[in-house]
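As provided, run_4.csv (CSV, C-alpha atoms) reads as follows.
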chain,number,residue,atom,x,y,z
A,14,MET,CA,-72.3,-79.6,-91.1
A,15,LYS,CA,-71.4,-80.2,-87.5
A,16,ILE,CA,-73.3,-78.4,-84.8
A,17,ILE,CA,-70.9,-77.6,-82.0
A,18,LYS,CA,-71.8,-76.1,-78.7
A,19,VAL,CA,-69.4,-74.8,-76.2
A,20,LEU,CA,-70.9,-75.0,-72.7
A,21,GLY,CA,-69.7,-72.8,-69.9
A,22,SER,CA,-70.6,-69.9,-67.7
A,23,GLY,CA,-68.8,-67.4,-69.9
A,24,CYS,CA,-65.4,-67.5,-68.3
A,25,ALA,CA,-62.2,-66.8,-70.3
A,26,LYS,CA,-61.5,-70.4,-71.0
A,27,CYS,CA,-64.9,-71.0,-72.6
A,28,THR,CA,-64.4,-68.1,-75.1
A,29,LYS,CA,-60.9,-69.4,-75.8
A,30,THR,CA,-62.3,-72.9,-76.5
A,31,ALA,CA,-64.9,-71.5,-79.0
A,32,ASP,CA,-62.4,-69.4,-80.7
A,33,LEU,CA,-59.9,-72.2,-81.0
A,34,ILE,CA,-62.6,-74.5,-82.6
A,35,LYS,CA,-63.5,-71.9,-85.1
A,36,GLN,CA,-59.9,-71.3,-86.0
A,37,VAL,CA,-59.2,-75.0,-86.5
A,38,ALA,CA,-62.4,-75.4,-88.5
A,39,GLN,CA,-61.4,-72.6,-90.8
A,40,GLU,CA,-57.9,-74.0,-91.3
A,41,GLN,CA,-59.3,-77.4,-92.2
A,42,GLY,CA,-62.1,-76.0,-94.3
A,43,SER,CA,-64.7,-77.9,-92.2
A,44,ALA,CA,-68.2,-76.6,-92.1
A,45,VAL,CA,-69.3,-76.0,-88.6
A,46,SER,CA,-71.5,-73.8,-86.5
A,47,VAL,CA,-70.1,-72.9,-83.2
A,48,GLU,CA,-72.3,-71.5,-80.5
A,49,LYS,CA,-71.8,-70.8,-76.8
A,50,GLU,CA,-74.3,-72.0,-74.3
A,51,THR,CA,-74.3,-70.5,-70.8
A,52,SER,CA,-77.6,-71.8,-69.4
A,53,PRO,CA,-77.2,-74.2,-66.4
A,54,GLN,CA,-80.2,-76.2,-67.7
A,55,ILE,CA,-78.5,-77.0,-70.9
A,56,MET,CA,-75.3,-78.1,-69.1
A,57,MET,CA,-77.4,-80.4,-67.0
A,58,LYS,CA,-79.1,-81.8,-70.0
A,59,TYR,CA,-75.8,-82.9,-71.5
A,60,GLY,CA,-74.4,-84.0,-68.1
A,61,ALA,CA,-71.5,-81.6,-68.3
A,62,MET,CA,-70.0,-81.0,-64.9
A,63,SER,CA,-66.9,-79.0,-65.6
A,64,THR,CA,-66.5,-76.3,-68.0
A,65,PRO,CA,-65.6,-75.5,-70.7
A,66,ALA,CA,-67.4,-78.5,-72.2
A,67,VAL,CA,-67.8,-79.3,-75.9
A,68,VAL,CA,-70.9,-80.9,-77.4
A,69,ILE,CA,-70.9,-82.0,-81.1
A,70,ASP,CA,-74.1,-83.0,-82.7
A,71,ASP,CA,-75.8,-83.5,-79.3
A,72,THR,CA,-73.1,-85.6,-77.8
A,73,LEU,CA,-70.8,-84.4,-75.0
A,74,ILE,CA,-67.3,-85.2,-76.0
A,75,HIS,CA,-65.1,-83.1,-73.8
A,76,SER,CA,-65.2,-81.3,-70.5
A,77,GLY,CA,-63.1,-79.5,-68.0
A,78,SER,CA,-60.4,-77.8,-70.0
A,79,VAL,CA,-59.5,-76.0,-73.2
A,80,PRO,CA,-59.0,-78.8,-75.7
A,81,GLN,CA,-55.8,-79.4,-77.5
A,82,THR,CA,-55.6,-78.4,-81.1
A,83,SER,CA,-54.9,-82.1,-82.0
A,84,GLN,CA,-58.1,-83.1,-80.3
A,85,ILE,CA,-60.2,-80.6,-82.2
A,86,LYS,CA,-58.7,-81.8,-85.5
A,87,GLU,CA,-59.9,-85.3,-84.7
A,88,TRP,CA,-63.4,-84.1,-83.9
A,89,LEU,CA,-63.7,-82.1,-87.0
A,90,ALA,CA,-62.2,-84.7,-89.3
B,13,MET,CA,-34.4,-76.4,-46.3
B,14,LEU,CA,-36.5,-73.3,-46.5
B,15,GLY,CA,-33.6,-71.4,-44.9
B,16,ILE,CA,-32.1,-70.8,-48.3
B,17,PHE,CA,-34.9,-68.3,-49.1
B,18,THR,CA,-34.0,-66.3,-45.9
B,19,ASP,CA,-30.4,-66.3,-47.0
B,20,PHE,CA,-31.4,-65.2,-50.5
B,21,ALA,CA,-33.5,-62.4,-49.2
B,22,SER,CA,-30.7,-61.2,-46.8
B,23,TRP,CA,-28.2,-61.3,-49.6
B,24,LEU,CA,-30.4,-59.3,-52.0
B,25,THR,CA,-31.7,-56.8,-49.5
B,26,TYR,CA,-28.7,-56.2,-47.2
B,27,THR,CA,-25.7,-57.0,-49.5
B,28,ILE,CA,-26.8,-56.0,-53.0
B,29,LEU,CA,-29.2,-53.2,-52.2
B,30,GLY,CA,-27.2,-52.1,-49.1
B,31,LEU,CA,-30.3,-51.6,-46.9
B,32,SER,CA,-30.0,-52.0,-43.1
B,33,PRO,CA,-32.0,-54.7,-41.4
B,34,ASP,CA,-32.9,-52.1,-38.8
B,35,THR,CA,-34.8,-49.8,-41.2
B,36,LYS,CA,-38.4,-50.3,-41.9
B,37,LEU,CA,-37.8,-50.4,-45.6
B,38,GLY,CA,-35.1,-53.0,-45.2
B,39,ASP,CA,-37.3,-55.1,-42.9
B,40,ALA,CA,-40.3,-54.9,-45.2
B,41,LEU,CA,-38.3,-55.7,-48.3
B,42,HIS,CA,-36.6,-58.6,-46.7
B,43,PHE,CA,-39.9,-60.1,-45.7
B,44,PHE,CA,-41.3,-59.5,-49.3
B,45,VAL,CA,-38.3,-61.1,-51.1
B,46,GLU,CA,-38.2,-64.1,-48.8
B,47,ASP,CA,-41.9,-64.9,-49.0
B,48,VAL,CA,-42.3,-64.3,-52.7
B,49,SER,CA,-39.3,-66.4,-53.6
B,50,LYS,CA,-40.3,-69.2,-51.2
B,51,ILE,CA,-43.9,-69.2,-52.4
B,52,PHE,CA,-43.0,-69.2,-56.1
B,53,ALA,CA,-40.6,-72.1,-55.7
B,54,LEU,CA,-43.0,-74.1,-53.6
B,55,LEU,CA,-45.9,-73.5,-56.0
B,56,LEU,CA,-44.2,-74.5,-59.2
B,57,PHE,CA,-42.6,-77.6,-57.7
B,58,MET,CA,-45.4,-78.9,-55.5
B,59,ILE,CA,-48.3,-78.2,-57.9
B,60,TYR,CA,-46.6,-80.3,-60.4
B,61,VAL,CA,-46.1,-83.2,-58.0
B,62,ILE,CA,-49.6,-83.1,-56.7
B,63,ALA,CA,-51.1,-82.7,-60.2
B,64,LEU,CA,-49.1,-85.8,-61.2
B,65,MET,CA,-50.9,-87.8,-58.5
B,66,ARG,CA,-54.4,-86.6,-59.0
B,67,ALA,CA,-54.4,-86.4,-62.8
B,68,SER,CA,-57.1,-89.0,-63.1
B,69,LEU,CA,-59.4,-87.5,-60.4
B,70,ASN,CA,-62.2,-85.6,-61.9
B,71,VAL,CA,-65.6,-84.3,-60.7
B,72,GLU,CA,-67.4,-87.1,-62.7
B,73,THR,CA,-65.6,-89.8,-60.7
B,74,VAL,CA,-66.3,-88.0,-57.5
B,75,ARG,CA,-70.0,-87.7,-58.3
B,76,ASP,CA,-70.3,-91.4,-59.1
B,77,TYR,CA,-68.5,-92.3,-55.9
B,78,LEU,CA,-70.6,-90.0,-53.7
B,79,ALA,CA,-73.9,-91.2,-55.3
B,80,ARG,CA,-73.2,-94.7,-54.1
B,81,LYS,CA,-72.3,-93.6,-50.5
B,82,HIS,CA,-74.5,-93.8,-47.5
B,83,ARG,CA,-75.6,-90.3,-46.3
B,84,SER,CA,-73.8,-90.5,-42.9
B,85,MET,CA,-70.4,-90.9,-44.6
B,86,GLY,CA,-71.4,-88.6,-47.4
B,87,TYR,CA,-70.7,-85.3,-45.6
B,88,LEU,CA,-67.2,-86.4,-44.7
B,89,MET,CA,-66.5,-87.7,-48.1
B,90,GLY,CA,-68.1,-84.7,-49.8
B,91,SER,CA,-65.9,-82.4,-47.8
B,92,SER,CA,-62.7,-84.4,-48.4
B,93,PHE,CA,-63.3,-84.5,-52.1
B,94,GLY,CA,-64.0,-80.8,-52.1
B,95,ALA,CA,-60.6,-80.3,-50.6
B,96,ILE,CA,-58.7,-82.3,-53.2
B,97,THR,CA,-60.6,-82.2,-56.4
B,98,PRO,CA,-59.4,-79.5,-58.8
B,99,PHE,CA,-62.0,-77.4,-60.6
B,100,CYS,CA,-62.4,-73.9,-61.8
B,101,SER,CA,-64.8,-71.8,-59.7
B,102,CYS,CA,-66.7,-71.0,-62.8
B,103,SER,CA,-67.8,-74.7,-62.8
B,104,SER,CA,-69.6,-74.5,-59.4
B,105,ILE,CA,-73.0,-74.4,-61.0
B,106,PRO,CA,-72.6,-77.3,-63.4
B,107,ILE,CA,-71.1,-79.3,-60.6
B,108,PHE,CA,-73.9,-78.5,-58.3
B,109,LEU,CA,-76.4,-79.6,-61.0
B,110,GLY,CA,-74.4,-82.7,-61.9
B,111,PHE,CA,-74.3,-83.9,-58.3
B,112,THR,CA,-78.0,-83.0,-57.8
B,113,SER,CA,-79.2,-84.8,-60.8
B,114,ALA,CA,-77.3,-87.9,-59.6
B,115,GLY,CA,-79.5,-87.8,-56.6
B,116,ILE,CA,-76.8,-86.7,-54.1
B,117,PRO,CA,-78.4,-84.8,-51.2
B,118,VAL,CA,-78.0,-81.0,-51.2
B,119,GLY,CA,-76.1,-81.0,-47.9
B,120,ILE,CA,-73.4,-83.4,-49.3
B,121,THR,CA,-73.1,-81.3,-52.5
B,122,MET,CA,-72.7,-78.2,-50.4
B,123,ALA,CA,-70.2,-79.9,-48.1
B,124,PHE,CA,-68.2,-80.3,-51.3
B,125,LEU,CA,-68.7,-76.8,-52.6
B,126,ILE,CA,-68.1,-75.0,-49.2
B,127,THR,CA,-64.8,-76.9,-48.5
B,128,SER,CA,-63.5,-76.5,-51.9
B,129,PRO,CA,-62.5,-72.8,-51.9
B,130,LEU,CA,-61.3,-73.0,-48.2
B,131,ILE,CA,-58.9,-75.9,-48.8
B,132,ASN,CA,-56.8,-76.6,-51.8
B,133,GLU,CA,-53.3,-77.6,-52.5
B,134,VAL,CA,-52.0,-74.1,-52.9
B,135,ALA,CA,-53.5,-73.0,-49.6
B,136,VAL,CA,-52.0,-75.9,-47.8
B,137,LEU,CA,-48.6,-75.3,-49.3
B,138,LEU,CA,-48.6,-71.7,-48.4
B,139,LEU,CA,-49.7,-72.4,-44.8
B,140,MET,CA,-47.0,-75.0,-44.4
B,141,GLY,CA,-44.3,-72.7,-45.8
B,142,LEU,CA,-45.4,-69.6,-43.9
B,143,LEU,CA,-47.1,-70.7,-40.7
B,144,GLY,CA,-45.9,-74.2,-40.0
B,145,TRP,CA,-47.5,-77.7,-40.0
B,146,LYS,CA,-49.4,-77.3,-36.8
B,147,PHE,CA,-51.3,-74.4,-38.0
B,148,THR,CA,-51.9,-76.1,-41.4
B,149,VAL,CA,-53.4,-79.2,-39.8
B,150,LEU,CA,-55.6,-76.9,-37.6
B,151,TYR,CA,-56.7,-75.0,-40.7
B,152,VAL,CA,-57.6,-78.1,-42.7
B,153,VAL,CA,-59.6,-79.6,-39.8
B,154,ILE,CA,-61.5,-76.4,-39.3
B,155,GLY,CA,-62.2,-75.9,-42.9
B,156,MET,CA,-63.5,-79.4,-43.4
B,157,SER,CA,-65.6,-79.2,-40.2
B,158,VAL,CA,-67.3,-76.0,-41.5
B,159,GLY,CA,-68.1,-77.9,-44.7
B,160,ILE,CA,-69.3,-81.1,-43.0
B,161,LEU,CA,-71.4,-79.4,-40.3
B,162,GLY,CA,-72.8,-76.9,-42.8
B,163,GLY,CA,-73.8,-79.7,-45.2
B,164,PHE,CA,-75.4,-81.6,-42.3
B,165,PHE,CA,-77.3,-78.5,-41.2
B,166,LEU,CA,-78.6,-77.8,-44.7
B,167,ASP,CA,-80.0,-81.3,-45.0
B,168,THR,CA,-81.5,-81.1,-41.5
B,169,ILE,CA,-83.5,-78.0,-42.4
B,170,LYS,CA,-84.5,-79.7,-45.7
B,171,ALA,CA,-82.7,-77.1,-47.8
B,172,GLU,CA,-83.9,-78.8,-51.0
B,173,ARG,CA,-87.3,-77.1,-50.5
B,174,TRP,CA,-85.7,-73.9,-51.7
B,175,LEU,CA,-83.9,-74.9,-54.8
B,176,GLN,CA,-85.0,-73.5,-58.1
B,177,SER,CA,-87.7,-75.7,-59.5
B,178,PHE,CA,-85.7,-77.3,-62.3
B,179,ALA,CA,-83.0,-78.2,-59.9
B,180,ALA,CA,-85.5,-79.7,-57.4
B,181,LYS,CA,-87.0,-81.8,-60.2
B,182,ALA,CA,-83.6,-83.0,-61.2
B,183,LEU,CA,-82.9,-84.0,-57.6
B,184,ALA,CA,-86.1,-85.9,-57.2
B,185,LYS,CA,-85.6,-87.7,-60.5
B,186,GLY,CA,-82.0,-88.6,-59.5
B,187,GLN,CA,-83.0,-89.9,-56.2
B,188,SER,CA,-85.7,-92.1,-57.6
B,189,ASN,CA,-83.2,-93.9,-59.8
B,190,GLN,CA,-80.3,-94.1,-57.4
B,191,HIS,CA,-78.6,-97.0,-59.1
B,192,GLY,CA,-79.3,-95.9,-62.6
B,193,SER,CA,-76.6,-94.5,-64.7
B,194,THR,CA,-76.1,-90.8,-65.1
B,195,ASN,CA,-76.6,-89.1,-68.4
B,196,SER,CA,-73.0,-88.3,-69.1
B,197,THR,CA,-71.6,-89.7,-72.2
B,198,LEU,CA,-68.0,-89.2,-71.3
B,199,LYS,CA,-66.2,-92.2,-70.0
B,200,ALA,CA,-63.3,-92.3,-67.6
B,201,LYS,CA,-60.0,-93.0,-69.2
B,202,THR,CA,-56.9,-94.5,-67.8
B,203,LEU,CA,-53.8,-92.2,-68.2
B,204,SER,CA,-50.3,-93.1,-69.3
B,205,PHE,CA,-47.4,-91.4,-67.5
B,206,LYS,CA,-46.9,-89.1,-70.4
B,207,GLU,CA,-50.5,-87.9,-70.2
B,208,ARG,CA,-50.1,-87.4,-66.5
B,209,HIS,CA,-46.9,-85.4,-67.0
B,210,GLN,CA,-48.7,-83.3,-69.6
B,211,PHE,CA,-51.6,-82.6,-67.3
B,212,ALA,CA,-49.3,-81.8,-64.4
B,213,LYS,CA,-47.2,-79.5,-66.5
B,214,GLU,CA,-50.2,-77.6,-67.8
B,215,GLU,CA,-51.7,-77.5,-64.3
B,216,SER,CA,-48.5,-76.0,-62.8
B,217,PHE,CA,-48.3,-73.2,-65.4
B,218,GLU,CA,-52.0,-72.6,-65.4
B,219,ILE,CA,-52.3,-72.3,-61.6
B,220,PHE,CA,-49.1,-70.3,-61.4
B,221,GLY,CA,-50.2,-68.0,-64.1
B,222,ARG,CA,-53.5,-67.4,-62.2
B,223,VAL,CA,-52.1,-66.9,-58.7
B,224,TRP,CA,-48.7,-65.2,-59.0
B,225,LYS,CA,-50.2,-61.7,-58.9
B,226,TRP,CA,-52.2,-62.6,-55.8
B,227,VAL,CA,-49.0,-63.7,-54.1
B,228,ILE,CA,-47.3,-60.4,-55.0
B,229,ILE,CA,-50.3,-58.4,-53.7
B,230,GLY,CA,-50.8,-60.6,-50.6
B,231,VAL,CA,-47.1,-60.6,-49.7
B,232,GLY,CA,-46.9,-56.9,-50.5
B,233,LEU,CA,-49.7,-56.0,-48.2
B,234,GLY,CA,-48.2,-58.4,-45.6
B,235,ALA,CA,-44.8,-56.7,-46.0
B,236,ALA,CA,-46.3,-53.3,-45.6
B,237,LEU,CA,-48.1,-54.4,-42.4
B,238,HIS,CA,-45.0,-56.1,-41.2
B,239,GLY,CA,-42.7,-53.1,-41.7
B,240,PHE,CA,-45.0,-50.2,-40.9
B,241,ILE,CA,-47.6,-51.1,-38.3
B,242,PRO,CA,-46.1,-50.3,-34.9
B,243,ASP,CA,-45.4,-53.4,-32.8
B,244,GLY,CA,-48.3,-54.1,-30.5
B,245,TRP,CA,-50.8,-51.9,-32.3
B,246,LEU,CA,-52.9,-54.7,-33.5
B,247,GLN,CA,-52.6,-56.5,-30.2
B,248,GLU,CA,-53.8,-53.5,-28.4
B,249,HIS,CA,-56.7,-52.5,-30.6
B,250,LEU,CA,-57.9,-55.8,-31.9
B,251,GLY,CA,-56.6,-58.2,-29.3
B,252,ASP,CA,-58.6,-61.1,-27.9
B,253,GLY,CA,-60.0,-58.9,-25.2
B,254,GLN,CA,-62.4,-57.4,-27.7
B,255,TRP,CA,-65.1,-59.9,-28.5
B,256,TRP,CA,-66.5,-57.8,-31.3
B,257,SER,CA,-63.3,-58.0,-33.3
B,258,VAL,CA,-64.1,-61.4,-34.6
B,259,PRO,CA,-67.5,-60.6,-36.2
B,260,ALA,CA,-66.0,-57.4,-37.4
B,261,ALA,CA,-63.3,-59.3,-39.2
B,262,VAL,CA,-65.8,-61.6,-40.8
B,263,LEU,CA,-67.9,-58.7,-42.1
B,264,LEU,CA,-64.8,-57.0,-43.3
B,265,GLY,CA,-63.9,-60.1,-45.2
B,266,ILE,CA,-67.1,-60.3,-47.3
B,267,PRO,CA,-66.6,-57.4,-49.7
B,268,LEU,CA,-62.9,-58.3,-49.9
B,269,TYR,CA,-63.0,-61.1,-52.4
B,270,SER,CA,-59.8,-63.0,-52.8
B,271,ASN,CA,-58.7,-66.6,-53.1
B,272,ALA,CA,-56.7,-68.4,-50.4
B,273,THR,CA,-53.5,-67.7,-52.2
B,274,GLY,CA,-53.8,-63.9,-51.8
B,275,VAL,CA,-55.0,-64.0,-48.2
B,276,ILE,CA,-52.5,-66.4,-46.6
B,277,PRO,CA,-49.5,-64.1,-46.9
B,278,VAL,CA,-51.6,-61.4,-45.3
B,279,MET,CA,-52.6,-63.8,-42.5
B,280,GLU,CA,-49.0,-64.6,-41.8
B,281,SER,CA,-48.2,-60.9,-41.3
B,282,LEU,CA,-51.3,-60.3,-39.2
B,283,ILE,CA,-50.4,-63.1,-36.9
B,284,VAL,CA,-46.8,-62.1,-36.6
B,285,ASN,CA,-48.0,-58.6,-35.7
B,286,GLY,CA,-50.0,-60.0,-32.9
B,287,LEU,CA,-53.6,-60.3,-34.2
B,288,PRO,CA,-55.1,-63.3,-32.4
B,289,ILE,CA,-55.2,-66.5,-34.4
B,290,GLY,CA,-59.0,-66.9,-34.2
B,291,THR,CA,-59.7,-63.4,-35.5
B,292,THR,CA,-57.2,-63.9,-38.3
B,293,LEU,CA,-58.7,-67.3,-39.3
B,294,ALA,CA,-62.2,-65.8,-39.3
B,295,PHE,CA,-61.1,-63.0,-41.5
B,296,CYS,CA,-59.3,-65.3,-43.9
B,297,MET,CA,-62.2,-67.8,-44.3
B,298,SER,CA,-64.7,-65.1,-44.8
B,299,THR,CA,-62.6,-63.4,-47.5
B,300,VAL,CA,-62.2,-66.8,-49.3
B,301,ALA,CA,-65.5,-68.5,-48.9
B,302,ALA,CA,-68.2,-65.9,-48.6
B,303,SER,CA,-68.2,-63.5,-51.5
B,304,PHE,CA,-71.0,-61.8,-53.4
B,305,PRO,CA,-70.0,-62.8,-56.9
B,306,GLU,CA,-70.2,-66.5,-55.9
B,307,PHE,CA,-73.5,-66.0,-54.3
B,308,ILE,CA,-75.0,-64.3,-57.4
B,309,LEU,CA,-73.9,-67.3,-59.4
B,310,LEU,CA,-75.7,-69.7,-57.0
B,311,LYS,CA,-78.9,-67.7,-57.5
B,312,GLN,CA,-79.3,-69.7,-60.8
B,313,VAL,CA,-80.0,-72.9,-58.8
B,314,MET,CA,-81.2,-71.6,-55.4
B,315,GLN,CA,-84.0,-69.4,-54.3
B,316,TRP,CA,-83.2,-66.2,-52.3
B,317,LYS,CA,-84.3,-67.8,-49.0
B,318,LEU,CA,-81.7,-70.6,-49.3
B,319,LEU,CA,-79.0,-68.2,-50.4
B,320,ALA,CA,-79.7,-66.0,-47.3
B,321,ILE,CA,-79.6,-69.1,-45.0
B,322,LEU,CA,-76.4,-70.2,-46.5
B,323,PHE,CA,-74.8,-66.8,-46.2
B,324,VAL,CA,-75.9,-66.4,-42.5
B,325,MET,CA,-74.7,-69.9,-41.8
B,326,LEU,CA,-71.2,-69.2,-43.2
B,327,LEU,CA,-70.9,-65.9,-41.3
B,328,PHE,CA,-72.0,-67.6,-38.1
B,329,SER,CA,-69.6,-70.5,-38.5
B,330,PHE,CA,-66.6,-68.3,-39.2
B,331,THR,CA,-67.4,-66.1,-36.2
B,332,LEU,CA,-67.7,-69.2,-34.0
B,333,VAL,CA,-64.4,-70.5,-35.4
B,334,GLY,CA,-62.8,-67.2,-34.5
B,335,TRP,CA,-64.2,-67.1,-31.0
B,336,LEU,CA,-63.3,-70.7,-30.2
B,337,PHE,CA,-59.8,-70.3,-31.4
B,338,ASN,CA,-59.2,-67.1,-29.5
B,339,PHE,CA,-60.6,-68.8,-26.4
B,340,PHE,CA,-58.5,-72.0,-26.7
B,341,THR,CA,-55.2,-70.5,-28.0
B,342,PRO,CA,-53.8,-70.0,-24.5
B,343,PHE,CA,-54.3,-73.7,-23.9
B,344,LEU,CA,-52.7,-74.9,-27.1
As structure tokens, what does this structure read like?
Amino acid sequence: MKIIKVLGSGCAKCTKTADLIKQVAQEQGSAVSVEKETSPQIMMKYGAMSTPAVVIDDTLIHSGSVPQTSQIKEWLA
Amino acid sequence: MLGIFTDFASWLTYTILGLSPDTKLGDALHFFVEDVSKIFALLLFMIYVIALMRASLNVETVRDYLARKHRSMGYLMGSSFGAITPFCSCSSIPIFLGFTSAGIPVGITMAFLITSPLINEVAVLLLMGLLGWKFTVLYVVIGMSVGILGGFFLDTIKAERWLQSFAAKALAKGQSNQHGSTNSTLKAKTLSFKERHQFAKEESFEIFGRVWKWVIIGVGLGAALHGFIPDGWLQEHLGDGQWWSVPAAVLLGIPLYSNATGVIPVMESLIVNGLPIGTTLAFCMSTVAASFPEFILLKQVMQWKLLAILFVMLLFSFTLVGWLFNFFTPFL
């Protein structure tokens, strides 16, 4: 199972990102756990400088925007 | 070129709606239609063009660049990048920490963060369209100076003493390994034209979707002021004879939180109505850059003492800007 963290201060885009990932995961039948992280320390730990940022299995793979559905499909594949 | 918007407003207000230019309502509506149509057209077109050019510029690149710069150039570069780099205001904290953990001095980071809300492409476009290029240049120079001098001041008083402890540790660690790599795992990518177009398209719709209501509110307020405040009233009551009007405008701007997009149409109308330029600028900058919600966010990385210093510093700079401008306007 992939552990996915959405980093962000809780603005609308971060919520949208988390929801989108959950939705794509459900459509593809991938097993994921999606959680939102709002702590600045955690963002610093992963080196995320713009939010929303996405961390999958402890690796930062995206930052600064709501990802495209096609991107999410790749990550979850 | 911008004349077509005046013609459009005249046609709609006077010909279609049959209002007379001499009535207050006709005058206010004309102002509203002209400004809103002009701003909307400028925004959609220019944001796209600008986004196309800066698609590959991101905060990570800026950080790596600033981390390699010598301190003396750092303030200028920090402030310049603050003006041109796009980021959502909800990213201020991660950016602050990202810069800090790369060993960039607090003053340079703050030069970036202070300049950023003051100057952005939307603000510059609006100023050009509404108040002309001279005023725009003036505004940009002043906005950057506030960022540069503010950053320099913060480093002079060793502001890093008052960071929250985890941020201070990150700074110390970053500075001890200046040439080391940062802990980001994202790599910069080169963009094809198609990707740039995609970015620019999204950016235009995104920004437009965010600011259009501010434009309506701002221009609406401006139109109301324009049509209904008696000529000379502002001049008489808040003219440059009254030294206190500048600090008053700054204080008034703090609880009024807006972004530059909403304030600039109001500025136009205040200036047209005879409010001195310095007072108007001070009000505008205070509304845009000094707001309580932003400061509460910064509490996560700064101690109260530093927050208070920052706040007073901004209020003081805006007041000074206002006074200087009011003083020098007659000589311009």
| query | Which chain A residues are at most 6 Å from chain B (counting all atoms listed in the file), as JSON, numbers by chain? | reply | {"A": [60, 62, 63, 64]}
| task | For CA of Pro80 (chain A) and CA of Thr30 (chain A), determine how far apart the two atoms are, in Å to one decimal place. | result |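 These two atoms are separated by 6.8 Å.
Across the model, the gap from CA of Lys49 (chain A) to CA of Thr28 (chain A) is 8.1 Å.
Here CA of Gly286 (chain B) is placed at a distance of 17.7 Å from CA of Val262 (chain B).
For Lys15 (chain A), the residues within 9 Å (counting all atoms listed in the file, excluding itself and residues fewer than 2 positions away along the chain) are Ile17, Ser43, Ala44, Val45, Ser46, Val47, Ile69, Asp70 and Leu89 of chain A.
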| field | Test item: residues at most 12 Å from Ile62 (chain B), all atoms listed in the file, excluding those fewer than 3 positions along its chain, as a PyMOL selection string | value | chain B and resi 54-59+65-69+96-98+132-134+136-137+208-209+211-213+215-216
| Quick one: residues within 8 Å of Gly234 (chain B), all atoms listed in the file counted, chain neighbours fewer than 2 positions away excluded, as a PyMOL selection string? | chain B and resi 44+230-232+236-238+277-282
